[in-house]
Amino acid sequence: MYAIGFPGYNQPMDISHILDPLNKAQRAAVAAPSGPSLVLAGAGSGKTRVLTHRIAYLVRGHGISPHMILGTTFTNKAAREMHGRIETLLQAPFHGMWLGTFHGLCHRILRLHPEAAGLPENFEIVDSDDQLRLIRRVLKNLDLDEKDWPPRQMQWMINQHKDASRRSARLPSGHGGIWEKMLHRVYADYEEVCQKSGLVDFAEILLRTLELFQNNQAIRETYQQRFQHILVDEFQDTNTVQYQWLQVLSARHRNLFVVGDDDQSIYGWRGAKVENILSFEKDFPGANVLRLEQNYRSTGTILTAANAVIAHNSGRLGKNLWTKGSEGSPIRLYDAHTEDDEARFVVEQLRSWIRQGHRRDEAAVLYRSNAQSRVFEQELVRQDIPYRVYGGLRFYERAEIKNALAYLRLLSNRDSNHSFERVVNLPARGIGDKTMGIILEHARLKQVSMWQAGAELIAERGISPRALAALSGFQNLIMQMAEDTAGLGLGELTGHVLKQSGLFAHHKNERGELARGRVENLQELVSAAENFVREENETQDDLSAFLDSAALQAGEGQSEEWEDCVQLMSLHSAKGLEFPLVFICGMEEGRFPNQKSLEEGSLEEERRLCYVGMTRAMQQLVMSRARRRWQYGQSHVNPASRFLAEIPGEYVERIRSPGWDGAESGEVLFRGGTPPQTAGFDGIRLGHQVRHRKFGAGTVVGMEGQGIHARVQVHFADAGMKWLICSYANLEPI
């Protein structure tokens with residue numbers, strides 16, 4: 001077979017080394033005929049191998065010039081790895097192909113055609129922090145208070161609209177309240193500032209390139225003619241703009257080869273549209289649809305369990321993972337009394353794993369919320385096991401936690417300059433850099449703390465009236481909180497400070513997954529304070545001892561990336577990774593699936609996230625849940641996650657904490673089981689459909705208590721989530 005048309009590839013080539021290493025399904029995908037192709041690649045089924053072999057097959061088998069091929073990935077690291085694999089397959093240097101991230105490829109196009117795209121030749125890219133500063137400037141110019149119009153929320157909404165291919169001029173007008181109208185104004189002014197300054201944010205790179213293709217026929221046709229084959233990795237993670245860009249670019253030749261897994265679409269919160277993969281056959285009639293279902297990662301037991309869970313999703317194209325490997329050991333489920341009990345069990349299992357001669361970095365602890373890492377970090381430090389928080393900061397290193405601790409330290413010590421400087425204008429209260437400069441200079445000249453310097457400047461009226469009012473308000477706030485919390489327990493004190501300081505409201509007003517994570521971290525800090533026990537020989541008060549303990553834990557320092565250490569990470573961060581031993585913790589209703597998905601009835605992405613977590617495990621999967629967990633300074637009884645009930649019981653080895661009988665929550669974990677009859681629930685069980693005379697139909701998602709105090713948590717279609725006392729609610733089973 002000959003490859004023709006460009007230097008270096010015009011000699012007879014044997015392509016057996018490209019096709020022979022592949023299994024039957026992979027080979028069918030790599031050698032698929034021309035036209036649109038959708039490859040549904042299950043977890044661990046070799047999707048990257050298919051992509052790289054497909055490119056090598058096009059070049060060696062069909063004489064396609066690399067110059068005519070475009071490949072998109074979601075990370076530069078993945079692009080580099082793919083390029084290296086292609087060179088190995090071709091057994092020659094590989095040049096000319098455009099291979100990179102969506103942002104990288106679109107940026108390249110904009111640099112080649114800035115004038116046509118309506119940009120100056122030397123346009124600048126702004127990162128997320130710079131974008132936030134620009135939005136703050138717009139809010140200031142509009143005389144909008146950041147407390148009422150949070151900049152991060154505005155940033156999130158602007159980017160959401162850009163990802164959905166909506167300019168400010170295309171937003172609905174004349175509808176909605178003051179919030180929607182003001183967002184329209186802020187978005188429009190932000191666009192104007194960026195245009196005048198020649199600035200382009202990350203979302204703009206994609207949208208501007210799409211608009212260039214849509215509005216300029218000559219440029220559009222140039223790229224449509226050039227790129228005769230387009231290949232896409234992780235197609236399930238594309239957003240609206242990316243998909244429209246691919247549709248425009250592939251319109252001439254229709255050789256669009258996309259690889260993805262609808263069951264692993266877990267980034268809806270940042271704009272990814274699983275609908276793109278679900279509607280591919282409709283958008284590209286006659287498309288080849290191929291499935292990669294043979295898994296090379298996990299045991300048969302793990303795959304059977306993961307298949308059973310994801311089968312409960314209705315919005316999927318369908319596939320069934322299988323392996324030629326061993327069935328492996330059962331999935332282990334630990335029913336813990338509390339989150340501390342759960343952490344102790346997990347760390348003891350890690351100790352046993354290490355004693356058996358395994359490496360620490362072969363084990364990963366996964367959780368739905370980053371706030372859950374605290375108890376595991378604490379136990380790992382206590383037992384002197386090195387660990388790393390993958391893709392994130394340790395609990396006490398997170399900015400929102402440092403801010404909260406700074407407020408607490410000011411209650412304990414007004415002269416803490418670091419704490420004063422950190423939160424004097426957080427949330428924003430009008431104390432800017434100029435005022436801070438005056439305070440710092442006064443403190444230096446008088447050799448006093450910043451707190452004392454501020455008090456003296458207030459007394460002397462040494463700053464502007466506006467700054468004086470703001471600084472006075474801050475110091476009065478600290479003193480009032482100290483007075484209000486005198487005599488309170490540490491947990492109650494912490495909760496009060498987080499609320500009165502405005503930190504809770506500050507992050508609750510933000511939008512997006514990151515903002516929710518910050519709120520959860522603050523709530524976890526309250527739990528940490530509630531459960532803190534100082535050493536008997538300490539002479540400090542509880543607050544001072546807690547602050548010192550937090551500082552010491554932050555100063556422990558996590559292991560370096562190259563060291564052999566246990567991996568802690570969120571389930572989202574785990575995508576694309578694999579480990580011989582995996583723990584999935586916090587398997588409770590309201591935690592995983594999380595409360596927001598329960599309230600909104602959007603469980604399918606949560607279930608896909610569970611599927612992703614389960615398929616990270618290669619040899620052993622351990623899942624755990626805590627019957628009681630401290631949340632918001634109170635102990636809550638947590639029903640088991642519905643995802644546990646979706647795993648066939650014969651594949652699970654259940655391990656209970658000593659003394660656990662399961663009766664308190666009146667639950668059943670596995671299909672085919674019989675729930676215990678618990679007084680006060682009148683035959684109602686988790687998952688039952690019930691009707692309330694006022695709220696209508698709903699689903700039971702939580703149960704706690706006994707006798708006349710028994711109550712159920714019900715998600716109603718119209719009224720949302722409600723806790724109801726059984727003896728008064730008169731719920732009727734449907």
# chains A, B, ... in the order shown; residues from 1 in each chain; ligands from 1
$ select_by_dssp --residues "region 175-346 of chain A" --states "alpha helix (DSSP H)" --output "PyMOL selection string"
chain A and resi 178-197+202-215+217-226+240-249+275-278+280-283+300-310+339-346
$ residues_around --residues "region 496-511 of chain A" --least-positions-apart "5" --cutoff "8 Å" --atoms "only C-alpha atoms" --output "PyMOL selection string"
chain A and resi 147+150-153+156-157+404+407-408+426-427+477+481+485+516+518-519+522
$ residues_around --residues "Arg254 (chain A)" --least-positions-apart "3" --cutoff "10 Å" --atoms "only C-alpha atoms" --output "list in words"
Ser34, Gly35, Pro36, Ser37, Gln224, Gln228, His229, Ile230, Gln247, Val248, Leu249, Ser250, Ala251, Phe257, Phe284 and Ala287 of chain A
$ closest_residue --among "A:Asp415, A:Glu293, A:Glu492, A:Asp127" --to "Asn307 (chain A)" --atoms "only C-alpha atoms"
A:Glu293
$ select_by_dssp --residues "region 219-425 of chain A" --states "strand (DSSP E or B)" --output "VMD selection string"
chain A and resid 229 to 232 256 to 260 288 to 292 294 322 331 to 336 363 to 367 387 to 389
$ residues_around --residues "Asn295 (chain A)" --least-positions-apart "5" --cutoff "7 Å" --atoms "only C-alpha atoms" --output "VMD selection string"
chain A and resid 43 to 45 321 to 323
$ write_last_selection --atoms "C-alpha atoms" --output "PDB file, in the first residue's frame"
ATOM      1  CA  ALA A  43     -14.057   3.380  30.550  1.00  0.00           C
ATOM      2  CA  GLY A  44     -10.708   1.616  30.103  1.00  0.00           C
ATOM      3  CA  SER A  45     -11.551   0.446  26.562  1.00  0.00           C
ATOM      4  CA  LEU A 321     -18.459  -3.152  29.735  1.00  0.00           C
ATOM      5  CA  TRP A 322     -16.850  -6.596  29.972  1.00  0.00           C
ATOM      6  CA  THR A 323     -13.397  -8.053  30.501  1.00  0.00           C
TER       7      THR A 323
END
$ closest_residue --among "A:Asn320, A:Ser544, A:Ser314, A:Asn476" --to "Ser602 (chain A)" --atoms "only C-alpha atoms"
A:Ser314
$ decode --residues "region 415-454 of chain A" --atoms "N, CA and C atoms" --output "mmCIF file, in the first residue's frame"
data_model
loop_
_atom_site.group_PDB
_atom_site.id
_atom_site.type_symbol
_atom_site.label_atom_id
_atom_site.label_comp_id
_atom_site.auth_asym_id
_atom_site.auth_seq_id
_atom_site.Cartn_x
_atom_site.Cartn_y
_atom_site.Cartn_z
ATOM 1 N N ASP A 415 -4.386 41.945 67.597
ATOM 2 C CA ASP A 415 -3.126 42.457 67.057
ATOM 3 C C ASP A 415 -2.506 41.548 66.000
ATOM 4 N N SER A 416 -3.267 40.585 65.484
ATOM 5 C CA SER A 416 -2.773 39.722 64.416
ATOM 6 C C SER A 416 -2.804 40.492 63.099
ATOM 7 N N ASN A 417 -1.669 41.041 62.707
ATOM 8 C CA ASN A 417 -1.608 41.863 61.496
ATOM 9 C C ASN A 417 -1.982 41.074 60.242
ATOM 10 N N HIS A 418 -1.507 39.840 60.176
ATOM 11 C CA HIS A 418 -1.801 39.028 58.994
ATOM 12 C C HIS A 418 -3.307 38.820 58.853
ATOM 13 N N SER A 419 -3.971 38.521 59.951
ATOM 14 C CA SER A 419 -5.415 38.282 59.907
ATOM 15 C C SER A 419 -6.163 39.568 59.564
ATOM 16 N N PHE A 420 -5.740 40.674 60.163
ATOM 17 C CA PHE A 420 -6.376 41.966 59.894
ATOM 18 C C PHE A 420 -6.297 42.293 58.406
ATOM 19 N N GLU A 421 -5.109 42.185 57.851
ATOM 20 C CA GLU A 421 -4.906 42.549 56.444
ATOM 21 C C GLU A 421 -5.678 41.622 55.511
ATOM 22 N N ARG A 422 -5.828 40.368 55.908
ATOM 23 C CA ARG A 422 -6.481 39.386 55.041
ATOM 24 C C ARG A 422 -7.974 39.646 54.890
ATOM 25 N N VAL A 423 -8.655 40.066 55.978
ATOM 26 C CA VAL A 423 -10.123 40.112 55.925
ATOM 27 C C VAL A 423 -10.716 41.494 56.155
ATOM 28 N N VAL A 424 -9.886 42.521 56.313
ATOM 29 C CA VAL A 424 -10.441 43.844 56.582
ATOM 30 C C VAL A 424 -11.362 44.307 55.445
ATOM 31 N N ASN A 425 -11.131 43.793 54.238
ATOM 32 C CA ASN A 425 -11.988 44.165 53.109
ATOM 33 C C ASN A 425 -12.588 42.932 52.436
ATOM 34 N N LEU A 426 -12.850 41.903 53.241
ATOM 35 C CA LEU A 426 -13.447 40.687 52.712
ATOM 36 C C LEU A 426 -14.554 40.201 53.637
ATOM 37 N N PRO A 427 -15.804 40.204 53.182
ATOM 38 C CA PRO A 427 -16.286 40.693 51.893
ATOM 39 C C PRO A 427 -16.007 42.188 51.710
ATOM 40 N N ALA A 428 -16.073 42.643 50.456
ATOM 41 C CA ALA A 428 -15.721 44.029 50.142
ATOM 42 C C ALA A 428 -16.582 44.989 50.950
ATOM 43 N N ARG A 429 -15.898 45.954 51.608
ATOM 44 C CA ARG A 429 -16.623 46.950 52.401
ATOM 45 C C ARG A 429 -16.085 48.357 52.163
ATOM 46 N N GLY A 430 -15.300 48.526 51.087
ATOM 47 C CA GLY A 430 -14.858 49.865 50.725
ATOM 48 C C GLY A 430 -13.541 50.300 51.331
ATOM 49 N N ILE A 431 -12.717 49.342 51.754
ATOM 50 C CA ILE A 431 -11.395 49.669 52.297
ATOM 51 C C ILE A 431 -10.364 49.262 51.244
ATOM 52 N N GLY A 432 -9.952 50.239 50.442
ATOM 53 C CA GLY A 432 -9.102 49.950 49.304
ATOM 54 C C GLY A 432 -7.619 50.037 49.619
ATOM 55 N N ASP A 433 -6.808 49.932 48.560
ATOM 56 C CA ASP A 433 -5.350 49.926 48.708
ATOM 57 C C ASP A 433 -4.835 51.234 49.326
ATOM 58 N N LYS A 434 -5.461 52.352 48.961
ATOM 59 C CA LYS A 434 -5.006 53.637 49.490
ATOM 60 C C LYS A 434 -5.162 53.690 51.009
ATOM 61 N N THR A 435 -6.332 53.282 51.487
ATOM 62 C CA THR A 435 -6.572 53.274 52.931
ATOM 63 C C THR A 435 -5.635 52.298 53.633
ATOM 64 N N MET A 436 -5.430 51.118 53.029
ATOM 65 C CA MET A 436 -4.523 50.138 53.627
ATOM 66 C C MET A 436 -3.096 50.694 53.707
ATOM 67 N N GLY A 437 -2.694 51.459 52.695
ATOM 68 C CA GLY A 437 -1.368 52.073 52.723
ATOM 69 C C GLY A 437 -1.215 53.036 53.891
ATOM 70 N N ILE A 438 -2.266 53.806 54.155
ATOM 71 C CA ILE A 438 -2.236 54.757 55.277
ATOM 72 C C ILE A 438 -2.147 54.009 56.608
ATOM 73 N N ILE A 439 -2.935 52.931 56.740
ATOM 74 C CA ILE A 439 -2.918 52.139 57.978
ATOM 75 C C ILE A 439 -1.534 51.530 58.202
ATOM 76 N N LEU A 440 -0.962 50.948 57.147
ATOM 77 C CA LEU A 440 0.353 50.321 57.260
ATOM 78 C C LEU A 440 1.427 51.336 57.645
ATOM 79 N N GLU A 441 1.380 52.517 57.050
ATOM 80 C CA GLU A 441 2.387 53.543 57.346
ATOM 81 C C GLU A 441 2.242 54.047 58.786
ATOM 82 N N HIS A 442 0.989 54.217 59.223
ATOM 83 C CA HIS A 442 0.740 54.659 60.596
ATOM 84 C C HIS A 442 1.251 53.605 61.588
ATOM 85 N N ALA A 443 0.981 52.327 61.295
ATOM 86 C CA ALA A 443 1.443 51.245 62.169
ATOM 87 C C ALA A 443 2.970 51.207 62.234
ATOM 88 N N ARG A 444 3.615 51.463 61.108
ATOM 89 C CA ARG A 444 5.079 51.442 61.075
ATOM 90 C C ARG A 444 5.663 52.606 61.877
ATOM 91 N N LEU A 445 5.114 53.791 61.690
ATOM 92 C CA LEU A 445 5.651 54.970 62.374
ATOM 93 C C LEU A 445 5.421 54.901 63.881
ATOM 94 N N LYS A 446 4.242 54.427 64.283
ATOM 95 C CA LYS A 446 3.903 54.403 65.712
ATOM 96 C C LYS A 446 4.291 53.090 66.396
ATOM 97 N N GLN A 447 4.796 52.134 65.594
ATOM 98 C CA GLN A 447 5.191 50.832 66.148
ATOM 99 C C GLN A 447 4.027 50.161 66.884
ATOM 100 N N VAL A 448 2.877 50.142 66.232
ATOM 101 C CA VAL A 448 1.685 49.509 66.809
ATOM 102 C C VAL A 448 1.137 48.513 65.787
ATOM 103 N N SER A 449 0.192 47.700 66.214
ATOM 104 C CA SER A 449 -0.445 46.751 65.302
ATOM 105 C C SER A 449 -1.361 47.498 64.333
ATOM 106 N N MET A 450 -1.755 46.811 63.272
ATOM 107 C CA MET A 450 -2.656 47.426 62.292
ATOM 108 C C MET A 450 -4.020 47.707 62.909
ATOM 109 N N TRP A 451 -4.458 46.833 63.817
ATOM 110 C CA TRP A 451 -5.728 47.084 64.508
ATOM 111 C C TRP A 451 -5.647 48.391 65.296
ATOM 112 N N GLN A 452 -4.565 48.559 66.068
ATOM 113 C CA GLN A 452 -4.401 49.771 66.863
ATOM 114 C C GLN A 452 -4.238 50.991 65.966
ATOM 115 N N ALA A 453 -3.507 50.817 64.854
ATOM 116 C CA ALA A 453 -3.339 51.926 63.916
ATOM 117 C C ALA A 453 -4.686 52.356 63.358
ATOM 118 N N GLY A 454 -5.527 51.381 63.030
ATOM 119 C CA GLY A 454 -6.853 51.709 62.518
ATOM 120 C C GLY A 454 -7.681 52.464 63.539
#
